[in-house]
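A.B. asks: Okay, so here is run-v4.txt, and as you'll see once you scroll down, it has compact mmCIF, C-alpha atoms and all ligand atoms.
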```txt
# COMPACT_ATOMS: atom_id res chain seq x y z
CA MET A 1 -42.49 -28.50 61.53
CA PRO A 2 -41.44 -28.96 57.88
CA VAL A 3 -37.65 -29.13 57.64
CA GLU A 4 -37.18 -29.02 53.83
CA GLU A 5 -37.22 -25.20 53.96
CA PHE A 6 -34.29 -25.25 56.39
CA VAL A 7 -32.24 -27.60 54.18
CA ALA A 8 -33.12 -25.69 50.98
CA GLY A 9 -32.23 -22.45 52.77
CA TRP A 10 -28.86 -23.91 53.79
CA ILE A 11 -27.85 -25.02 50.29
CA SER A 12 -29.16 -21.88 48.58
CA GLY A 13 -27.32 -19.71 51.12
CA ALA A 14 -24.02 -21.41 50.29
CA VAL A 15 -24.53 -20.93 46.54
CA GLY A 16 -25.26 -17.23 47.02
CA LEU A 17 -22.36 -16.72 49.39
CA VAL A 18 -19.63 -17.91 47.01
CA LEU A 19 -20.93 -15.63 44.26
CA GLY A 20 -21.10 -12.59 46.49
CA HIS A 21 -18.02 -12.85 48.71
CA PRO A 22 -15.57 -10.75 46.61
CA PHE A 23 -18.11 -7.87 46.52
CA ASP A 24 -18.57 -8.25 50.27
CA THR A 25 -14.85 -8.04 51.06
CA VAL A 26 -14.43 -4.81 49.09
CA LYS A 27 -17.56 -3.37 50.73
CA VAL A 28 -16.42 -4.19 54.28
CA ARG A 29 -13.02 -2.60 53.64
CA LEU A 30 -14.58 0.57 52.20
CA GLN A 31 -16.96 0.84 55.15
CA THR A 32 -14.34 0.42 57.85
CA GLN A 33 -11.01 1.68 56.46
CA ASN A 34 -10.41 5.19 55.18
CA THR A 35 -7.35 4.26 53.11
CA TYR A 36 -9.18 3.61 49.83
CA GLN A 37 -10.36 6.23 47.32
CA GLY A 38 -13.25 4.18 46.05
CA ILE A 39 -14.31 0.77 44.74
CA VAL A 40 -11.75 0.60 41.91
CA ASP A 41 -8.89 1.73 44.17
CA CYS A 42 -9.83 -0.89 46.76
CA VAL A 43 -10.09 -3.67 44.14
CA VAL A 44 -6.72 -2.71 42.58
CA LYS A 45 -4.90 -2.45 45.93
CA THR A 46 -6.38 -5.69 47.22
CA TYR A 47 -5.41 -7.51 44.04
CA ARG A 48 -1.87 -6.06 43.92
CA HIS A 49 -1.14 -6.62 47.57
CA GLU A 50 -2.98 -9.86 48.28
CA SER A 51 -3.72 -11.41 44.83
CA VAL A 52 -7.15 -12.80 43.98
CA LEU A 53 -7.13 -14.70 47.29
CA GLY A 54 -7.54 -11.35 49.09
CA PHE A 55 -11.15 -11.16 47.83
CA PHE A 56 -11.98 -14.53 49.36
CA LYS A 57 -10.61 -13.78 52.82
CA GLY A 58 -12.87 -15.00 55.59
CA MET A 59 -15.00 -17.11 53.22
CA SER A 60 -14.43 -20.65 54.51
CA PHE A 61 -16.14 -19.86 57.76
CA PRO A 62 -19.24 -18.11 56.35
CA ILE A 63 -19.77 -20.89 53.86
CA ALA A 64 -20.84 -23.09 56.75
CA SER A 65 -22.19 -20.37 59.01
CA VAL A 66 -24.01 -18.15 56.49
CA ALA A 67 -25.57 -21.27 55.02
CA LEU A 68 -26.76 -22.16 58.52
CA VAL A 69 -28.06 -18.63 59.03
CA ASN A 70 -29.84 -18.70 55.66
CA SER A 71 -31.47 -21.95 56.69
CA VAL A 72 -32.74 -20.23 59.87
CA LEU A 73 -34.05 -17.31 57.79
CA PHE A 74 -35.90 -19.39 55.19
CA GLY A 75 -36.99 -22.07 57.68
CA VAL A 76 -38.38 -19.56 60.21
CA TYR A 77 -39.99 -17.48 57.45
CA SER A 78 -41.81 -20.44 55.95
CA ASN A 79 -42.84 -21.93 59.29
CA THR A 80 -44.10 -18.53 60.56
CA LEU A 81 -46.21 -18.22 57.41
CA LEU A 82 -47.49 -21.74 58.05
CA ALA A 83 -48.49 -20.70 61.59
CA LEU A 84 -50.12 -17.46 60.37
CA THR A 85 -51.94 -18.77 57.30
CA ALA A 86 -52.11 -22.57 57.73
CA THR A 87 -50.66 -23.04 54.22
CA SER A 88 -47.53 -24.99 53.35
CA HIS A 89 -44.98 -23.81 50.75
CA GLN A 90 -46.72 -25.93 48.05
CA GLU A 91 -50.19 -24.58 48.82
CA ARG A 92 -49.16 -20.92 48.75
CA ARG A 93 -49.44 -20.49 44.97
CA ALA A 94 -53.11 -21.52 45.02
CA GLN A 95 -53.86 -19.65 48.29
CA PRO A 96 -51.47 -16.68 48.33
CA PRO A 97 -50.87 -15.22 51.82
CA SER A 98 -51.44 -11.49 52.41
CA TYR A 99 -48.49 -9.11 52.15
CA THR A 100 -48.94 -8.25 55.85
CA ASN A 101 -48.42 -11.91 56.81
CA ILE A 102 -45.44 -12.18 54.44
CA PHE A 103 -43.93 -9.06 56.03
CA ILE A 104 -44.46 -10.37 59.60
CA ALA A 105 -42.97 -13.75 58.68
CA GLY A 106 -39.98 -12.06 56.98
CA CYS A 107 -39.33 -9.80 59.99
CA THR A 108 -39.52 -12.84 62.32
CA GLY A 109 -37.02 -14.71 60.14
CA GLY A 110 -34.81 -11.61 59.99
CA LEU A 111 -34.82 -11.13 63.75
CA LEU A 112 -33.87 -14.73 64.52
CA GLN A 113 -31.27 -14.92 61.75
CA ALA A 114 -29.62 -11.72 63.05
CA TYR A 115 -29.00 -13.34 66.45
CA CYS A 116 -27.52 -16.46 64.86
CA LEU A 117 -25.50 -14.40 62.38
CA ALA A 118 -23.95 -11.95 64.89
CA PRO A 119 -20.82 -13.89 66.00
CA PHE A 120 -20.16 -15.39 62.55
CA ASP A 121 -20.51 -12.01 60.85
CA LEU A 122 -18.17 -10.39 63.36
CA ILE A 123 -15.46 -12.97 62.68
CA LYS A 124 -15.95 -12.57 58.91
CA VAL A 125 -15.60 -8.77 59.15
CA ARG A 126 -12.47 -9.00 61.33
CA LEU A 127 -10.83 -11.46 58.88
CA GLN A 128 -11.84 -9.45 55.81
CA ASN A 129 -10.18 -6.39 57.31
CA GLN A 130 -6.79 -8.07 57.60
CA THR A 131 -4.86 -6.67 54.66
CA GLU A 132 -1.62 -8.64 55.10
CA PRO A 133 -0.90 -10.85 52.07
CA ARG A 134 -1.12 -14.57 52.73
CA MET A 135 1.93 -16.82 52.88
CA GLN A 136 4.57 -14.28 51.92
CA ILE A 137 7.92 -14.60 53.59
CA GLY A 138 9.00 -11.37 55.25
CA SER A 139 5.56 -9.77 55.35
CA SER A 140 3.96 -8.94 58.69
CA THR A 141 1.81 -11.73 60.12
CA PRO A 142 -1.91 -11.08 60.43
CA ARG A 143 -3.37 -10.75 63.91
CA TYR A 144 -5.80 -13.65 63.42
CA ARG A 145 -4.58 -16.95 61.92
CA GLY A 146 -8.08 -18.02 60.90
CA PRO A 147 -11.70 -18.13 62.11
CA VAL A 148 -11.09 -20.39 65.13
CA HIS A 149 -8.08 -18.36 66.27
CA CYS A 150 -10.09 -15.17 65.69
CA ALA A 151 -13.02 -16.44 67.81
CA ALA A 152 -10.66 -17.63 70.57
CA SER A 153 -8.76 -14.31 70.60
CA ILE A 154 -11.97 -12.26 70.79
CA LEU A 155 -13.25 -14.44 73.64
CA LYS A 156 -9.94 -14.01 75.49
CA GLU A 157 -9.43 -10.29 74.85
CA GLU A 158 -12.99 -8.95 74.73
CA GLY A 159 -15.03 -11.60 76.58
CA PRO A 160 -18.13 -13.45 75.28
CA GLN A 161 -19.95 -10.14 74.71
CA GLY A 162 -17.13 -9.24 72.29
CA LEU A 163 -18.51 -11.84 69.89
CA PHE A 164 -21.84 -10.00 69.85
CA ARG A 165 -20.41 -6.54 69.25
CA GLY A 166 -22.60 -4.72 66.72
CA SER A 167 -25.50 -7.12 67.18
CA TRP A 168 -28.06 -4.37 67.90
CA ALA A 169 -27.20 -2.69 64.63
CA LEU A 170 -27.44 -6.11 62.95
CA VAL A 171 -30.93 -6.72 64.38
CA LEU A 172 -32.04 -3.25 63.26
CA ARG A 173 -30.52 -3.91 59.84
CA ASP A 174 -32.13 -7.30 59.28
CA THR A 175 -35.57 -7.25 60.92
CA PRO A 176 -37.47 -4.74 58.74
CA THR A 177 -35.37 -5.27 55.63
CA LEU A 178 -36.02 -8.99 55.54
CA GLY A 179 -39.75 -8.35 55.84
CA MET A 180 -39.35 -6.15 52.79
CA TYR A 181 -37.15 -8.75 51.07
CA PHE A 182 -39.88 -11.42 51.05
CA VAL A 183 -42.66 -8.89 50.19
CA THR A 184 -40.66 -7.70 47.16
CA TYR A 185 -39.90 -11.27 46.06
CA GLU A 186 -43.52 -12.40 46.36
CA GLY A 187 -44.90 -9.20 44.81
CA LEU A 188 -42.69 -9.53 41.71
CA CYS A 189 -43.39 -13.27 41.36
CA ARG A 190 -47.15 -12.67 41.53
CA GLN A 191 -46.93 -9.80 39.05
CA TYR A 192 -45.29 -11.95 36.36
CA THR A 193 -46.91 -15.35 37.01
CA PRO A 194 -50.39 -16.48 35.90
CA GLU A 195 -52.61 -17.08 38.95
CA GLY A 196 -52.17 -20.42 40.69
CA GLN A 197 -49.01 -21.34 38.74
CA ASN A 198 -45.41 -21.58 39.90
CA PRO A 199 -43.12 -18.72 38.78
CA SER A 200 -40.74 -19.54 35.90
CA SER A 201 -36.98 -19.72 36.55
CA ALA A 202 -36.50 -16.35 34.85
CA THR A 203 -39.13 -14.76 37.11
CA VAL A 204 -37.55 -16.29 40.23
CA LEU A 205 -34.11 -14.99 39.18
CA VAL A 206 -35.35 -11.46 38.51
CA ALA A 207 -37.65 -11.30 41.58
CA GLY A 208 -34.89 -12.72 43.84
CA GLY A 209 -32.33 -10.30 42.41
CA PHE A 210 -34.55 -7.24 42.90
CA ALA A 211 -35.65 -8.40 46.37
CA GLY A 212 -31.94 -8.52 47.26
CA ILE A 213 -31.27 -5.05 45.84
CA ALA A 214 -34.30 -3.44 47.55
CA SER A 215 -33.46 -4.97 50.93
CA TRP A 216 -29.73 -4.17 50.76
CA ILE A 217 -30.30 -0.54 49.72
CA THR A 218 -32.43 0.00 52.82
CA ALA A 219 -30.09 -2.09 54.98
CA THR A 220 -26.92 -0.14 54.12
CA PRO A 221 -27.08 2.61 56.82
CA PHE A 222 -27.24 0.05 59.65
CA ASP A 223 -24.80 -2.17 57.76
CA VAL A 224 -22.16 0.60 58.00
CA ILE A 225 -22.79 1.07 61.73
CA LYS A 226 -22.76 -2.68 62.31
CA SER A 227 -19.38 -3.09 60.56
CA ARG A 228 -17.86 -0.18 62.49
CA MET A 229 -19.14 -1.51 65.82
CA GLN A 230 -17.72 -4.93 64.96
CA MET A 231 -14.26 -3.47 64.29
CA ASP A 232 -14.42 -1.40 67.47
CA GLY A 233 -12.65 -3.15 70.32
CA LEU A 234 -9.79 -4.35 68.14
CA LYS A 235 -7.51 -1.49 69.13
CA GLY A 236 -9.37 -0.22 72.19
CA ARG A 237 -12.90 1.17 72.24
CA LYS A 238 -13.66 4.17 70.04
CA TYR A 239 -17.45 4.28 70.38
CA GLY A 240 -19.61 4.44 73.51
CA GLY A 241 -22.32 2.39 71.79
CA MET A 242 -24.39 2.22 68.62
CA LEU A 243 -25.84 5.74 68.93
CA ASP A 244 -22.41 7.19 69.64
CA CYS A 245 -21.04 5.39 66.57
CA MET A 246 -23.84 6.87 64.43
CA ALA A 247 -23.33 10.38 65.83
CA SER A 248 -19.55 10.41 65.60
CA SER A 249 -19.50 8.86 62.09
CA PHE A 250 -22.00 11.52 60.98
CA ARG A 251 -20.02 14.35 62.63
CA GLN A 252 -16.75 13.29 61.02
CA GLU A 253 -17.88 12.15 57.58
CA GLY A 254 -21.30 13.71 56.96
CA ILE A 255 -24.51 12.03 55.82
CA GLY A 256 -22.68 10.18 53.02
CA VAL A 257 -21.18 7.82 55.60
CA PHE A 258 -24.52 5.98 55.89
CA PHE A 259 -24.40 5.10 52.21
CA LYS A 260 -20.87 3.72 52.12
CA GLY A 261 -20.89 0.39 50.34
CA MET A 262 -24.40 0.87 48.89
CA THR A 263 -23.26 0.42 45.28
CA LEU A 264 -21.41 -2.77 46.19
CA ASN A 265 -24.24 -4.04 48.37
CA SER A 266 -26.62 -3.60 45.44
CA ALA A 267 -24.25 -5.06 42.82
CA ARG A 268 -23.62 -8.06 45.04
CA ALA A 269 -27.28 -8.45 46.00
CA PHE A 270 -28.59 -9.22 42.51
CA PRO A 271 -26.55 -12.35 41.64
CA VAL A 272 -26.47 -13.60 45.25
CA ASN A 273 -30.20 -13.42 45.81
CA ALA A 274 -31.17 -14.48 42.29
CA ALA A 275 -29.10 -17.66 42.83
CA THR A 276 -30.36 -18.09 46.41
CA PHE A 277 -34.05 -17.96 45.46
CA LEU A 278 -33.58 -20.06 42.33
CA SER A 279 -31.85 -22.88 44.21
CA TYR A 280 -34.33 -22.61 47.09
CA GLU A 281 -37.39 -22.90 44.82
CA TYR A 282 -35.75 -25.60 42.71
CA LEU A 283 -34.90 -27.76 45.73
CA LEU A 284 -38.37 -27.44 47.24
CA ARG A 285 -39.98 -28.45 43.92
CA LEU A 286 -37.55 -31.36 43.59
CA TRP A 287 -38.48 -32.73 47.02
CA ARG A 288 -42.23 -32.29 46.67
C1 LIG A 301 -30.74 -6.97 53.55
N1 LIG A 301 -30.41 -8.25 54.07
C2 LIG A 301 -29.75 -8.31 55.35
C3 LIG A 301 -30.71 -9.38 53.38
N2 LIG A 301 -31.30 -9.35 52.31
N3 LIG A 301 -30.41 -10.54 53.94
C4 LIG A 301 -30.77 -11.79 53.34
C5 LIG A 301 -29.52 -12.42 52.97
C6 LIG A 301 -29.60 -13.10 51.68
C7 LIG A 301 -28.26 -13.36 51.08
N4 LIG A 301 -27.56 -14.39 51.81
C8 LIG A 301 -27.39 -12.10 51.00
O1 LIG A 301 -26.34 -12.10 51.64
O2 LIG A 301 -27.72 -11.17 50.30
```
Please re-express this file's structure in structure tokens.
Ligand SMILES: CN(C)C(=N)NCCC[C@H](N)C(=O)O
C.D. replies:
Amino acid sequence: MPVEEFVAGWISGAVGLVLGHPFDTVKVRLQTQNTYQGIVDCVVKTYRHESVLGFFKGMSFPIASVALVNSVLFGVYSNTLLALTATSHQERRAQPPSYTNIFIAGCTGGLLQAYCLAPFDLIKVRLQNQTEPRMQIGSSTPRYRGPVHCAASILKEEGPQGLFRGSWALVLRDTPTLGMYFVTYEGLCRQYTPEGQNPSSATVLVAGGFAGIASWITATPFDVIKSRMQMDGLKGRKYGGMLDCMASSFRQEGIGVFFKGMTLNSARAFPVNAATFLSYEYLLRLWR
């Protein structure tokens, strides 16, 4: 099994994560707290109350974990394509795989990455939702002191299954959308690259950016439900399960609830995924 794809996926995931984390924090807060009037209000309040550090809450942990998860995604995707088409990453420009095989490989990568991502994503969301400013004398202390304390508290208070809260919504979010992610990326690269050649850096940036936008737009409805399920359990249980969360969110907030955070997901998706694909392709060409 070729391992370069896993390593390239790891590094490219970390690059993308740093670029996108401030967008992600604002999005998570808008999806799970009803105290903000919109993106600008959330940005202003976060900055005033918590300084610029507020936007980077919960980032240290994902930088290791999301990179790991990205390595699972890209590694499983590439190795599934190898199993389906008997072509390695280098051979795929000369013998392009069908879009059906790309979609199946992307869904497989998405499914496995969702399982690995579930506990890390839950901890990230819980930490991002802590609005207490850091290190200010006299201010109330946040419930979780950091990722390890957060994981230990969830294990103690909610049991091991607490760490996987929202994982069904995460699987439903990531499996089809990651199939679409790789199909969009490949489709755009093929469109703008002469046959048999490698895509230019500009093509990789644009194709990666649009693949990110397309996948995140379609992922947003389950992203909202996932974030709400992950926050449930913190102060008792509000939802009887994923379907109950969908029904009660819809009843209380209307259809618009499923699109909360879509603008931010899309704005974040372009730079994150442009950088992710560019570093991924660059590393694989470097090691060839
Ligand atoms: C729609 N979904 C779930 C995705 N496209 N996932 C792939 C993640 C790529 C990058 N680390 C990111 O966070 O955008």
A.B. asks: Please extract the residues at most 7 Å from ligand LIG 301 (chain A), counting all atoms listed in the file, and provide them as a ChimeraX atom specification, using the chain letters and residue numbers of this document.
C.D. replies: /A:13,16-17,66,70,173-174,177-178,181,212,215-216,219,269,272-273,276
A.B. asks: Mind working out the centre and edge lengths of an axis-aligned box for stretch 25-42 of chain A, all listed atoms inside, 6 Å added to each side, rounded to one decimal in Å and written as JSON?
C.D. replies:
```
{"center_x": -12.5, "center_y": -0.9, "center_z": 49.9, "size_x": 22.2, "size_y": 26.3, "size_z": 27.9}
```
A.B. asks: Which is closest to A:Gln33 among A:Asn79, A:Gln95, A:Gln113, A:Thr131, if we use only C-alpha atoms?
C.D. replies: A:Thr131
A.B. asks: Counting all atoms listed in the file, what is within 6 Å of stretch 222-238 of chain A, bar same-chain residues fewer than 6 positions away, as number ranges by chain?
C.D. replies: A: 31-32, 122, 165-166, 169-170, 173
A.B. asks: Would you mind telling me which residue in A:Arg251, A:Gln130, A:Thr263, A:Phe277 lies nearest to A:Cys189 when using only C-alpha atoms?
C.D. replies: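 Going through A:Arg251, A:Gln130, A:Thr263, A:Phe277 one by one, the smallest distance to A:Cys189 is for A:Phe277.
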A.B. asks: Would you compute the distance between atom CA of A:Ser65 and atom CA of A:Phe120? Give it in Å to one decimal.
C.D. replies: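 Spanning atom CA of A:Ser65 to atom CA of A:Phe120 is a straight-line distance of 6.4 Å.
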A.B. asks: Could you check the closest approach to A:Leu243 for each of A:Ser60, A:Lys156, A:Trp168, A:Gly9 and tell me which residue wins, using all atoms listed in the file?
C.D. replies: A:Trp168
A.B. asks: Got a sec: who's within 8 Å of stretch 45-53 of chain A, counting only C-alpha atoms, leaving out chain neighbours fewer than 2 positions off, as a PyMOL selection string?
C.D. replies: chain A and resi 41-43+55-57+131-134
A.B. asks: Could you please determine the separation between atom CA of A:Glu5 and atom CA of A:Thr220 in Å, to one decimal place?
C.D. replies: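 Straight-line distance from atom CA of A:Glu5 to atom CA of A:Thr220 works out to 27.1 Å.
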A.B. asks: Check the smallest atom-to-atom distance from each of A:Val204, A:Leu112, A:Val72, A:Ile213 to A:Ser279 using all atoms listed in the file, then report the winner.
C.D. replies: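 Selected residue with least distance to A:Ser279: A:Val204.
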A.B. asks: Taking 3 positions as the minimum chain separation for residues in the same chain, which residues sit within 10 Å of A:Ser201 when counting only C-alpha atoms? Answer as a PyMOL selection string.
C.D. replies: chain A and resi 198+204-207+274+277-279+281-282
